[in-house]
Amino acid sequence: MTNAPGSPSTGTPSDGRDDPGDPGAPSALLAVRGVSKYFGAVQALENVDLDVPAGQVTALIGDNGAGKSTLIKAIAGIYAPSGGQIFWKGHEVHIHTPHDAEALGIATVYQDLALCDNLDIVQNMYLGHESTKAGVLDEISMELATKQTLSDLSVSTVKSVRQVVGSLSGGQRQAIAVARAVMRESQLVIMDEPTAALGVSQTAQVLHLIRTLAQRGMGVIVISHNLNDVFQVADRIAVLYLGNLVSSGPVANYDMSSAVELITTGESVRVASSVAP
Amino acid sequence: MTSVRENDELDPDSLSEAHSWWSQLRRLWQGDVGMVPIVIGLAALVAYFQVRSPVFLSAGNITNLFMQATIFVLLGMAEIWLLLLGEIDLSVGYVTGMGAAVAVILMDVQFHWPWFLAMPVALLVTTGITTLQGFIIIRLRLPSFIVTLAGLLFWEGMLIYLVDDQGTGGTIPATNRVLYNLVNGNLSVFFTWVFLVAIVVLMALGMFRADQRRRSSGLATRPRIVLIMKVAALAISGVALAMIFDADRGTFIVLRGMPWAIPIDFAILAAGSFVLTKTKAGRYIYAIGGNTEAARRAGIAVNRYRLLAFALTGLTTGVASLLYASRLGGISDNIDSSLVLYAVASAVIGGTSLFGGRGKMTHAVIGGVVIATIYNGMALIGMSAPTQYMATALVLLAAVTIDSLARRSTGEGR
C-alpha cells in the first residue's frame with residue numbers, strides 16, 4: 001500500500017490509509033475509518049481514514065474548506081458523521097455529544113478557547129468541575145492542583161494562578177486552555193489553530209507545550225495553516241483535500257514543497273516516490 | 001526540561017509568587033478599580049456636607065443616613081444577582097411595593113396573620129414574581145430589559161388594585177409591632193456592642209484562618225501586615241459604629257442603640273457574599289456573566305442558574321419590601337417610582353458592571369451609602385429635590401463611565 005493518493009475525485013478508501021508498516025498505526029489511540037459527512041448535498045468528508053497514535057502529535061493540514069474542522073467536530077461529538085466508524089483504543093465508539101467525547105478522554109481546544117475572562121486561572125481550570133468540601137468550594141486544593149498542572153507542563157510565565165484570565169497574553173490563554181484539558185486527564189487533545197494570532201515567542205511557547213503533551217503520552221491533533229509550525233511540532237501529518245484524506249504518514253515523508261503540493265492539488269509525486277515500496 | 005518564557009517576564013520566581021508590597025497594592029487597585037474612586041468620592045461628599053452643615057456628622061444624622069441607605073443597599077444587592085449575568089430587572093421597585101402590600105394586608109386589614117407567617121408569604125410572592133419573569137425571559141428568549149419593563153407596569157397596576165381594593169383610601173397603615181420595629185426599633189446599647197464585637201471577631205478569625213490555611217498549604221498568602229491592617233480597620237469601623245449608634249440621638253426622649261435594619265442588611269450581605277464566593281452556584285453566575293458559551297461548554301446548566309439568579313433577586317427584593325413597609329409605616333398605592341433606579345444605581349455606583357461578570361455584594365453597600373449621603377446631605381443644606389436628582393444622575397454617570405473604562409483597561413471581553 002502506498003501513501004500516494006489517487007486523484008481526489010476518484011479516491012478509493014485505501015488511498016488515504018496508513019502504510020501498515022508505519023510505526024504509528026498499530027497502536028492508534030483513535031482510529032477513524034471511512035467517515036463521511038454530508039451537509040445536504042454538500043459532501044464535507046468523504047471516506048476519511050485517520051490514525052492518531054498516543055504520544056505523538058498529528059498535524060491535520062489542508063486548505064480552507066478541505067474538511068479539517070468538520071473532521072475534528074465529528075471526533076469531538078459536535079457533528080454526527082453521516083457514515084463510517086470511529087475506534088477508541090481499538091473499540092468502536094459512538095460519539096454523539098461533546099460530553100461523550102469528554103467522557104472518553106477527548107478534549108478539544110477551539111480557537112476561541114472558551115475561557116471566562118472575568119474568572120481567574122484556577123476558576124477557569126475547574127469551571128464546571130469544581131471540588132467542594134461540604135458544599136463549599138475547596139479553593140486550596142484547586143489552587144494546588146492548578147499550580148501542579150501548570151508546572152508539570154512547564155507553563156512558567158504566569159505570575160499568579162489567581163490573576164484573571166482576561167489579563168493574560170494570547171499564549172498564556174492558550175496554555176491555560178490546554179492545561180485544563182490535561183488536568184481533566186484527557187488522553188487526546190484536539191487543538192484548532194493554536195498558534196494563529198500569536199507572536200513569535202508565544203508561538204514557541206505553545207509549540208513547546210504541544211510537545212510536552214506528546215511526551216506525557218497523550219495523543220494530540222493539531223490543525224494548523226502554518227507549515228513552519230507543523231514541521232516543527234508534528235510527528236505525523238495528515239492532508240485533507242476537498243473532503244478526502246489524500247495523504248498521511250510520518251513527518252519525515254514530507255517536506256515543505258510536497259506538503260504545499262498536497263494541500264493545493266491533492267497529490268504530490270514526490271511523496272509517492274519517497275514512500276513507495 | 002527548560003521552559004519557554006516570554007521575553008518580558010524573566011522573573012525566576014514567577015510561579016513562587018513572591019509578592020512585594022508594591023505588587024500587593026497594585027493588585028488591590030486593579031482588582032477593585034470600581035471601588036477605589038467611589039470611596040474617595042464618598043469621602044469628598046462627606047467632607048463637603050460636613051463643612052456646609054455641622055450636624056451632618058452627628059450621631060443622629062449618620063444613623064438616619066444609614067436608615068435611608070438600608071433599602072437602597074438591599075435593592076442594590078437584589079439587582080447585583082442579575083447584573084452579574086448581564087441581565088437587569090426593572091420591576092424591583094414595584095415588586096418591592098407588592099411585597100410590602102402583601103405583608104401589610106396579611107398582617108393588618110382583615111387577616112391579622114402573625115408576622116412569622118405573613119412575612120415569609122411576602123418573600124414568597126416577590127420571589128415568585130421575579131422567578132416567573134425570569135422563566136418567561138429564559139424560555140421565550142426575550143430580553144430581560146423588556147420583560148421586566150412590562151413587569152414594572154403590570155405590578156404597579158396590581159399594587160394600586162390591591163391597595164385600593166382594601167377600601168382604606170389608597171394607603172394601608174401597618175400596626176404590627178414587629179414590622180414597625182424592623183426599621184424603627186433599636187437593639188439595646190449592650191446588644192449593639194455584642195453584635196458589632198461578634199461581627200468583627202468572627203470576620204477577623206475567618207480572615208486569619210483562611211490565611212493560615214493557605215500558608216500551611218504552601219500557597220501565596222498576603223503579607224501578615226496587610227491582614228493586620230485589615231483587621232485594625234474592621235475593629236475601628238466596628239467601634240465607631242457602636243459609638244455612633246449608642247450615642248443618644250433623641251430630641252425629647254433618650255434614643256440610642258443600633259436600628260434592627262442594620263443587622264438585617266448585614267445578614268443579607270453575608271448570605272449573598274457567601275453564595276457568590278463560596279458556592280458553585282455563585283461561581284457559575286460569574287462564569288455565565290463572563291462568557292455564557294464557555295460556561296455552557298464547561299457543562300454548566302446555564303438556564304438553571306439564570307433562573308436561580310432571578311429567584312434570588314426576588315428574595316432579596318422581598319426583604320427590602322419588608323423594610324420599606326416598616327419605613328413607610330404601611331403601604332400606599334403611590335410609591336416612589338424611582339426605587340428601581342436607586343437599585344441599579346447603588347450596584348453600579350459601587351462598582352458592579354452593567355455588562356455582566358464583574359461585581360460583588362459589598363458594591364451595593366458602598367453605592368447605597370453614596371446615594372443616601374447625597375440625599376441626606378442635600379436635604380440638610382437645603383438643596384431642592386430637583387438638584388438632588390441631578391446630583392445623583394451625575395454620580396451615576398461617573399460610575400458607569402468608570403465601569404466602562406475599567407472594563408477596557410483590564411482587557412475583558414477581547
# chains A, B, ... in the order shown; residues from 1 in each chain; ligands from 1
>>> closest_atom_pairs(of="chain A", to="chain B", cutoff="7 Å", atoms="only C-alpha atoms", output="Markdown table")
| residue | atom | partner | partner_atom | distance |
| --- | --- | --- | --- | --- |
| A:Ala114 | CA | B:Ala294 | CA | 4.3 |
| A:Leu115 | CA | B:Ala294 | CA | 5.8 |
| A:Cys116 | CA | B:Asn291 | CA | 5.2 |
| A:Asp117 | CA | B:Glu412 | CA | 5.8 |
| A:Asn118 | CA | B:Gly290 | CA | 5.6 |
| A:Leu119 | CA | B:Ala287 | CA | 7.0 |
| A:Leu127 | CA | B:Ala298 | CA | 6.1 |
| A:Gly128 | CA | B:Ala298 | CA | 5.2 |
| A:Gly135 | CA | B:Thr279 | CA | 6.7 |
| A:Val136 | CA | B:Thr279 | CA | 5.3 |
| A:Leu137 | CA | B:Lys278 | CA | 5.3 |
| A:Ile140 | CA | B:Arg214 | CA | 6.7 |
| A:Ser154 | CA | B:Ser3 | CA | 5.4 |
| A:Val155 | CA | B:Ser3 | CA | 7.0 |
| A:Ser156 | CA | B:Leu15 | CA | 6.2 |
| A:Thr157 | CA | B:Arg5 | CA | 5.7 |
| A:Val158 | CA | B:Leu15 | CA | 6.9 |
| A:Lys159 | CA | B:Ser14 | CA | 5.0 |
| A:Ser160 | CA | B:Glu17 | CA | 6.1 |
| A:Gly166 | CA | B:Glu412 | CA | 5.2 |
| A:Ser167 | CA | B:Thr410 | CA | 6.1 |
| A:Ser201 | CA | B:Glu6 | CA | 6.2 |
| A:Gln202 | CA | B:Glu6 | CA | 6.8 |
| A:Gln205 | CA | B:Val4 | CA | 5.1 |
>>> residues_around(residues="A:Ile86", least_positions_apart="2", cutoff="8 Å", atoms="only C-alpha atoms", output="ChimeraX atom specification")
/A:30-33,35,75,84,88,92-94
>>> write_last_selection(atoms="N, CA, C and O atoms", output="short mmCIF file (atom, residue, chain, number, x, y, z; two decimals), in the first residue's frame")
data_model
loop_
_atom_site.label_atom_id
_atom_site.label_comp_id
_atom_site.auth_asym_id
_atom_site.auth_seq_id
_atom_site.Cartn_x
_atom_site.Cartn_y
_atom_site.Cartn_z
N LEU A 30 -6.77 6.64 18.56
CA LEU A 30 -8.03 6.92 17.88
C LEU A 30 -7.87 6.49 16.43
O LEU A 30 -6.87 6.81 15.80
N ALA A 31 -8.85 5.75 15.94
CA ALA A 31 -8.81 5.37 14.54
C ALA A 31 -10.13 5.74 13.89
O ALA A 31 -11.20 5.38 14.39
N VAL A 32 -10.04 6.49 12.82
CA VAL A 32 -11.23 6.89 12.07
C VAL A 32 -11.26 6.06 10.81
O VAL A 32 -10.24 5.95 10.11
N ARG A 33 -12.36 5.41 10.53
CA ARG A 33 -12.44 4.54 9.35
C ARG A 33 -13.64 4.89 8.47
O ARG A 33 -14.78 4.79 8.92
N VAL A 35 -15.01 7.58 7.43
CA VAL A 35 -16.00 8.56 7.90
C VAL A 35 -16.36 9.54 6.79
O VAL A 35 -15.50 10.08 6.11
N ILE A 75 -15.13 14.07 15.53
CA ILE A 75 -14.45 13.36 16.61
C ILE A 75 -14.87 13.92 17.97
O ILE A 75 -15.01 13.19 18.94
N GLY A 84 -19.45 5.72 8.45
CA GLY A 84 -18.11 5.37 8.89
C GLY A 84 -18.07 5.04 10.37
O GLY A 84 -19.08 5.06 11.06
N TRP A 88 -11.88 3.87 19.43
CA TRP A 88 -11.12 4.47 20.54
C TRP A 88 -10.43 3.33 21.25
O TRP A 88 -11.08 2.43 21.76
N GLU A 92 -14.97 0.16 18.89
CA GLU A 92 -15.79 1.13 18.19
C GLU A 92 -16.60 1.96 19.20
O GLU A 92 -17.15 1.43 20.16
N VAL A 93 -16.63 3.27 18.98
CA VAL A 93 -17.39 4.14 19.87
C VAL A 93 -18.33 5.00 19.05
O VAL A 93 -18.11 5.24 17.86
N HIS A 94 -19.39 5.45 19.69
CA HIS A 94 -20.33 6.37 19.04
C HIS A 94 -20.35 7.66 19.85
O HIS A 94 -20.81 7.69 20.98
#
>>> residues_around(residues="stretch 259-263 of chain B", least_positions_apart="4", cutoff="8 Å", atoms="only C-alpha atoms", output="ChimeraX atom specification")
/B:66-67,70,181-187,245,267,323
>>> residues_around(residues="B:Gly41", least_positions_apart="5", cutoff="10 Å", atoms="only C-alpha atoms", output="list in words")
Met35, Val36, Val46, Ala47, Val370 and Val395 of chain B
>>> write_last_selection(atoms="C-alpha atoms", output="CSV table (one decimal), in the first residue's frame")
chain,number,residue,atom,x,y,z
B,35,MET,CA,-14.4,50.6,44.3
B,36,VAL,CA,-11.4,52.9,44.9
B,46,VAL,CA,-18.9,63.7,53.4
B,47,ALA,CA,-16.3,66.4,53.8
B,370,VAL,CA,-23.3,57.2,48.5
B,395,VAL,CA,-22.7,60.4,40.2
>>> select_by_dssp(residues="stretch 58-244 of chain A", states="strand (DSSP E)", output="CSV table (one decimal) with N, CA, C and O atoms, in the first residue's frame")
chain,number,residue,atom,x,y,z
A,58,THR,N,-0.2,14.7,15.7
A,58,THR,CA,-0.6,14.5,14.4
A,58,THR,C,-1.1,15.9,13.9
A,58,THR,O,-2.1,16.4,14.5
A,59,ALA,N,-0.5,16.3,12.8
A,59,ALA,CA,-0.9,17.6,12.3
A,59,ALA,C,-1.9,17.4,11.2
A,59,ALA,O,-1.7,16.6,10.3
A,60,LEU,N,-3.1,18.1,11.2
A,60,LEU,CA,-4.1,18.0,10.2
A,60,LEU,C,-4.0,19.2,9.4
A,60,LEU,O,-4.2,20.3,9.9
A,61,ILE,N,-3.6,19.0,8.1
A,61,ILE,CA,-3.4,20.2,7.3
A,61,ILE,C,-4.3,20.2,6.1
A,61,ILE,O,-4.8,19.1,5.7
A,62,GLY,N,-4.5,21.3,5.5
A,62,GLY,CA,-5.4,21.4,4.3
A,62,GLY,C,-5.8,22.8,4.1
A,62,GLY,O,-5.7,23.6,5.0
A,83,GLY,N,-21.5,8.7,7.9
A,83,GLY,CA,-21.2,7.2,7.7
A,83,GLY,C,-19.8,7.0,8.2
A,83,GLY,O,-19.0,7.9,8.5
A,84,GLY,N,-19.4,5.7,8.4
A,84,GLY,CA,-18.1,5.4,8.9
A,84,GLY,C,-18.1,5.0,10.4
A,84,GLY,O,-19.1,5.1,11.1
A,85,GLN,N,-16.9,4.7,10.8
A,85,GLN,CA,-16.7,4.2,12.2
A,85,GLN,C,-15.6,5.0,12.9
A,85,GLN,O,-14.6,5.4,12.2
A,86,ILE,N,-15.7,5.1,14.2
A,86,ILE,CA,-14.6,5.7,15.0
A,86,ILE,C,-14.2,4.7,16.1
A,86,ILE,O,-15.1,4.2,16.8
A,87,PHE,N,-12.9,4.3,16.1
A,87,PHE,CA,-12.5,3.4,17.1
A,87,PHE,C,-11.6,4.1,18.2
A,87,PHE,O,-10.8,5.0,17.8
A,88,TRP,N,-11.9,3.9,19.4
A,88,TRP,CA,-11.1,4.5,20.5
A,88,TRP,C,-10.4,3.3,21.2
A,88,TRP,O,-11.1,2.4,21.8
A,91,HIS,N,-11.7,-0.1,20.2
A,91,HIS,CA,-13.1,-0.4,20.3
A,91,HIS,C,-13.9,0.6,19.6
A,91,HIS,O,-13.7,1.8,19.7
A,92,GLU,N,-15.0,0.2,18.9
A,92,GLU,CA,-15.8,1.1,18.2
A,92,GLU,C,-16.6,2.0,19.2
A,92,GLU,O,-17.1,1.4,20.2
A,93,VAL,N,-16.6,3.3,19.0
A,93,VAL,CA,-17.4,4.1,19.9
A,93,VAL,C,-18.3,5.0,19.0
A,93,VAL,O,-18.1,5.2,17.9
A,106,ILE,N,-11.4,12.7,25.4
A,106,ILE,CA,-11.1,13.6,24.2
A,106,ILE,C,-11.4,15.0,24.5
A,106,ILE,O,-12.6,15.3,24.8
A,107,ALA,N,-10.4,15.9,24.6
A,107,ALA,CA,-10.7,17.3,24.9
A,107,ALA,C,-10.4,18.1,23.6
A,107,ALA,O,-9.4,17.8,22.9
A,108,THR,N,-11.2,19.1,23.4
A,108,THR,CA,-11.0,19.9,22.2
A,108,THR,C,-10.8,21.4,22.7
A,108,THR,O,-11.5,21.9,23.5
A,109,VAL,N,-9.7,21.9,22.2
A,109,VAL,CA,-9.4,23.3,22.5
A,109,VAL,C,-9.7,24.1,21.2
A,109,VAL,O,-8.9,24.1,20.3
A,132,THR,N,-15.5,20.5,46.0
A,132,THR,CA,-16.1,21.2,47.1
A,132,THR,C,-15.9,20.3,48.4
A,132,THR,O,-15.6,19.1,48.3
A,133,LYS,N,-16.0,21.0,49.5
A,133,LYS,CA,-15.9,20.3,50.8
A,133,LYS,C,-17.2,20.8,51.5
A,133,LYS,O,-17.4,22.0,51.8
A,136,VAL,N,-19.0,23.7,50.1
A,136,VAL,CA,-18.3,24.9,49.9
A,136,VAL,C,-17.0,24.7,49.0
A,136,VAL,O,-16.4,23.6,49.1
A,137,LEU,N,-16.8,25.6,48.1
A,137,LEU,CA,-15.7,25.4,47.2
A,137,LEU,C,-14.4,25.2,47.9
A,137,LEU,O,-14.1,26.0,48.8
A,188,LEU,N,-6.6,12.5,24.6
A,188,LEU,CA,-6.4,13.0,23.3
A,188,LEU,C,-6.8,14.5,23.3
A,188,LEU,O,-7.9,14.8,23.8
A,189,VAL,N,-5.9,15.3,22.9
A,189,VAL,CA,-6.2,16.8,22.9
A,189,VAL,C,-6.3,17.2,21.4
A,189,VAL,O,-5.3,17.0,20.7
A,190,ILE,N,-7.4,17.8,21.0
A,190,ILE,CA,-7.5,18.3,19.7
A,190,ILE,C,-7.4,19.8,19.8
A,190,ILE,O,-8.1,20.5,20.5
A,191,MET,N,-6.5,20.4,19.0
A,191,MET,CA,-6.3,21.9,19.0
A,191,MET,C,-6.5,22.5,17.7
A,191,MET,O,-5.9,22.1,16.7
A,192,ASP,N,-7.4,23.5,17.6
A,192,ASP,CA,-7.7,24.1,16.4
A,192,ASP,C,-6.9,25.4,16.3
A,192,ASP,O,-7.2,26.3,17.0
A,219,GLY,N,-2.2,11.7,23.0
A,219,GLY,CA,-2.3,11.9,21.6
A,219,GLY,C,-2.7,13.4,21.4
A,219,GLY,O,-3.5,13.9,22.1
A,220,VAL,N,-2.2,14.0,20.3
A,220,VAL,CA,-2.5,15.4,20.0
A,220,VAL,C,-2.9,15.5,18.5
A,220,VAL,O,-2.1,14.9,17.7
A,221,ILE,N,-4.0,16.1,18.2
A,221,ILE,CA,-4.3,16.5,16.9
A,221,ILE,C,-4.2,18.0,16.8
A,221,ILE,O,-4.8,18.7,17.6
A,222,VAL,N,-3.4,18.5,15.9
A,222,VAL,CA,-3.3,20.0,15.7
A,222,VAL,C,-3.7,20.3,14.3
A,222,VAL,O,-3.2,19.8,13.3
A,223,ILE,N,-4.6,21.3,14.2
A,223,ILE,CA,-5.0,21.9,12.9
A,223,ILE,C,-4.1,23.1,12.8
A,223,ILE,O,-4.1,23.9,13.7
A,236,ARG,N,3.5,13.3,12.9
A,236,ARG,CA,2.8,12.7,11.7
A,236,ARG,C,2.0,13.9,11.0
A,236,ARG,O,1.6,14.8,11.7
A,237,ILE,N,1.7,13.7,9.8
A,237,ILE,CA,1.0,14.7,9.0
A,237,ILE,C,-0.2,14.0,8.3
A,237,ILE,O,0.0,12.8,7.8
A,238,ALA,N,-1.3,14.6,8.3
A,238,ALA,CA,-2.4,14.1,7.5
A,238,ALA,C,-3.0,15.3,6.7
A,238,ALA,O,-3.2,16.3,7.2
A,239,VAL,N,-3.1,15.0,5.4
A,239,VAL,CA,-3.5,16.1,4.5
A,239,VAL,C,-4.9,15.9,4.0
A,239,VAL,O,-5.2,14.8,3.5
A,240,LEU,N,-5.8,16.9,4.2
A,240,LEU,CA,-7.1,16.8,3.6
A,240,LEU,C,-7.2,17.7,2.4
A,240,LEU,O,-6.7,18.8,2.4
A,241,TYR,N,-7.9,17.2,1.4
A,241,TYR,CA,-8.1,17.9,0.2
A,241,TYR,C,-9.5,17.7,-0.3
A,241,TYR,O,-9.9,16.6,-0.6
A,244,ASN,N,-11.3,14.8,1.2
A,244,ASN,CA,-10.7,13.5,1.1
A,244,ASN,C,-9.4,13.5,1.9
A,244,ASN,O,-8.6,14.5,1.8
>>> residues_around(residues="A:Met142", least_positions_apart="3", cutoff="8 Å", atoms="only C-alpha atoms", output="PyMOL selection string")
chain A and resi 122+126+130-131+138-139+145-146
>>> write_last_selection(atoms="N, CA, C and O atoms", output="CSV table (one decimal), in the first residue's frame")
chain,number,residue,atom,x,y,z
A,122,VAL,N,-7.4,29.6,38.2
A,122,VAL,CA,-7.9,28.4,38.9
A,122,VAL,C,-9.4,28.2,38.6
A,122,VAL,O,-9.8,27.1,38.3
A,126,TYR,N,-11.1,24.8,36.6
A,126,TYR,CA,-12.0,23.9,37.3
A,126,TYR,C,-13.5,24.2,36.8
A,126,TYR,O,-14.4,23.6,37.4
A,130,GLU,N,-15.7,21.9,39.7
A,130,GLU,CA,-15.2,22.4,41.0
A,130,GLU,C,-15.2,21.3,42.0
A,130,GLU,O,-16.1,20.5,42.1
A,131,SER,N,-14.1,21.4,42.9
A,131,SER,CA,-14.1,20.5,44.0
A,131,SER,C,-14.7,21.2,45.2
A,131,SER,O,-14.4,22.4,45.4
A,138,ASP,N,-13.6,24.2,47.5
A,138,ASP,CA,-12.4,23.9,48.1
A,138,ASP,C,-11.2,24.6,47.3
A,138,ASP,O,-10.6,24.0,46.5
A,139,GLU,N,-11.1,25.9,47.6
A,139,GLU,CA,-10.1,26.7,46.8
A,139,GLU,C,-8.7,26.2,46.9
A,139,GLU,O,-7.9,26.3,46.0
A,145,ALA,N,-3.7,22.0,42.8
A,145,ALA,CA,-3.7,21.2,41.6
A,145,ALA,C,-3.4,22.0,40.4
A,145,ALA,O,-2.7,21.5,39.5
A,146,THR,N,-3.9,23.2,40.3
A,146,THR,CA,-3.7,24.1,39.2
A,146,THR,C,-2.2,24.4,39.0
A,146,THR,O,-1.6,24.3,38.0
>>> residues_around(residues="A:Leu29", least_positions_apart="5", cutoff="7 Å", atoms="only C-alpha atoms", output="ChimeraX atom specification")
/A:52-54,88-89
>>> closest_residue(among="A:Val178, A:Gln172, A:Asn226, A:Leu213", to="A:Ala196", atoms="only C-alpha atoms")
A:Asn226
>>> residues_around(residues="B:Pro120", least_positions_apart="5", cutoff="12 Å", atoms="only C-alpha atoms", output="ChimeraX atom specification")
/B:99-100,102-103,106-107,113-115,125-128,315,318-319,321-322
>>> closest_atom_pairs(of="stretch 92-151 of chain A", to="stretch 79-82 of chain A", cutoff="10 Å", atoms="only C-alpha atoms", output="CSV")
residue,atom,partner,partner_atom,distance
A:His94,CA,A:Ala80,CA,8.8
A:Ile95,CA,A:Ala80,CA,7.5
A:His96,CA,A:Ala80,CA,6.1
A:Thr97,CA,A:Tyr79,CA,8.1
A:Pro98,CA,A:Tyr79,CA,9.3
>>> write_last_selection(atoms="N, CA, C and O atoms", output="PDB file, in the first residue's frame")
ATOM      1  N   HIS A  94     -19.395   5.447  19.694  1.00  0.00           N
ATOM      2  CA  HIS A  94     -20.329   6.372  19.045  1.00  0.00           C
ATOM      3  C   HIS A  94     -20.348   7.655  19.846  1.00  0.00           C
ATOM      4  O   HIS A  94     -20.808   7.688  20.978  1.00  0.00           O
ATOM      5  N   ILE A  95     -19.804   8.682  19.261  1.00  0.00           N
ATOM      6  CA  ILE A  95     -19.690   9.965  19.965  1.00  0.00           C
ATOM      7  C   ILE A  95     -20.785  10.881  19.452  1.00  0.00           C
ATOM      8  O   ILE A  95     -20.721  11.399  18.339  1.00  0.00           O
ATOM      9  N   HIS A  96     -21.830  11.037  20.271  1.00  0.00           N
ATOM     10  CA  HIS A  96     -22.967  11.837  19.810  1.00  0.00           C
ATOM     11  C   HIS A  96     -22.928  13.262  20.318  1.00  0.00           C
ATOM     12  O   HIS A  96     -23.498  14.155  19.707  1.00  0.00           O
ATOM     13  N   THR A  97     -22.318  13.474  21.486  1.00  0.00           N
ATOM     14  CA  THR A  97     -22.313  14.809  22.082  1.00  0.00           C
ATOM     15  C   THR A  97     -20.895  15.140  22.546  1.00  0.00           C
ATOM     16  O   THR A  97     -20.072  14.238  22.740  1.00  0.00           O
ATOM     17  N   PRO A  98     -20.599  16.431  22.744  1.00  0.00           N
ATOM     18  CA  PRO A  98     -19.287  16.794  23.296  1.00  0.00           C
ATOM     19  C   PRO A  98     -19.029  16.102  24.631  1.00  0.00           C
ATOM     20  O   PRO A  98     -17.895  15.775  24.966  1.00  0.00           O
TER      21      PRO A  98
END
>>> closest_residue(among="A:Met125, A:Met183, A:Leu45, A:Ala214", to="A:Gly65", atoms="only C-alpha atoms")
A:Leu45
>>> closest_residue(among="A:Ser186, A:Ser268, A:Gln148, A:Ile210", to="A:Leu104", atoms="only C-alpha atoms")
A:Ser186
>>> select_by_dssp(residues="stretch 182-365 of chain B", states="helix (DSSP H, G or I)", output="ChimeraX atom specification")
/B:182-184,189-216,224-246,261-278,280-290,292-297,302-328,339-350,361-365
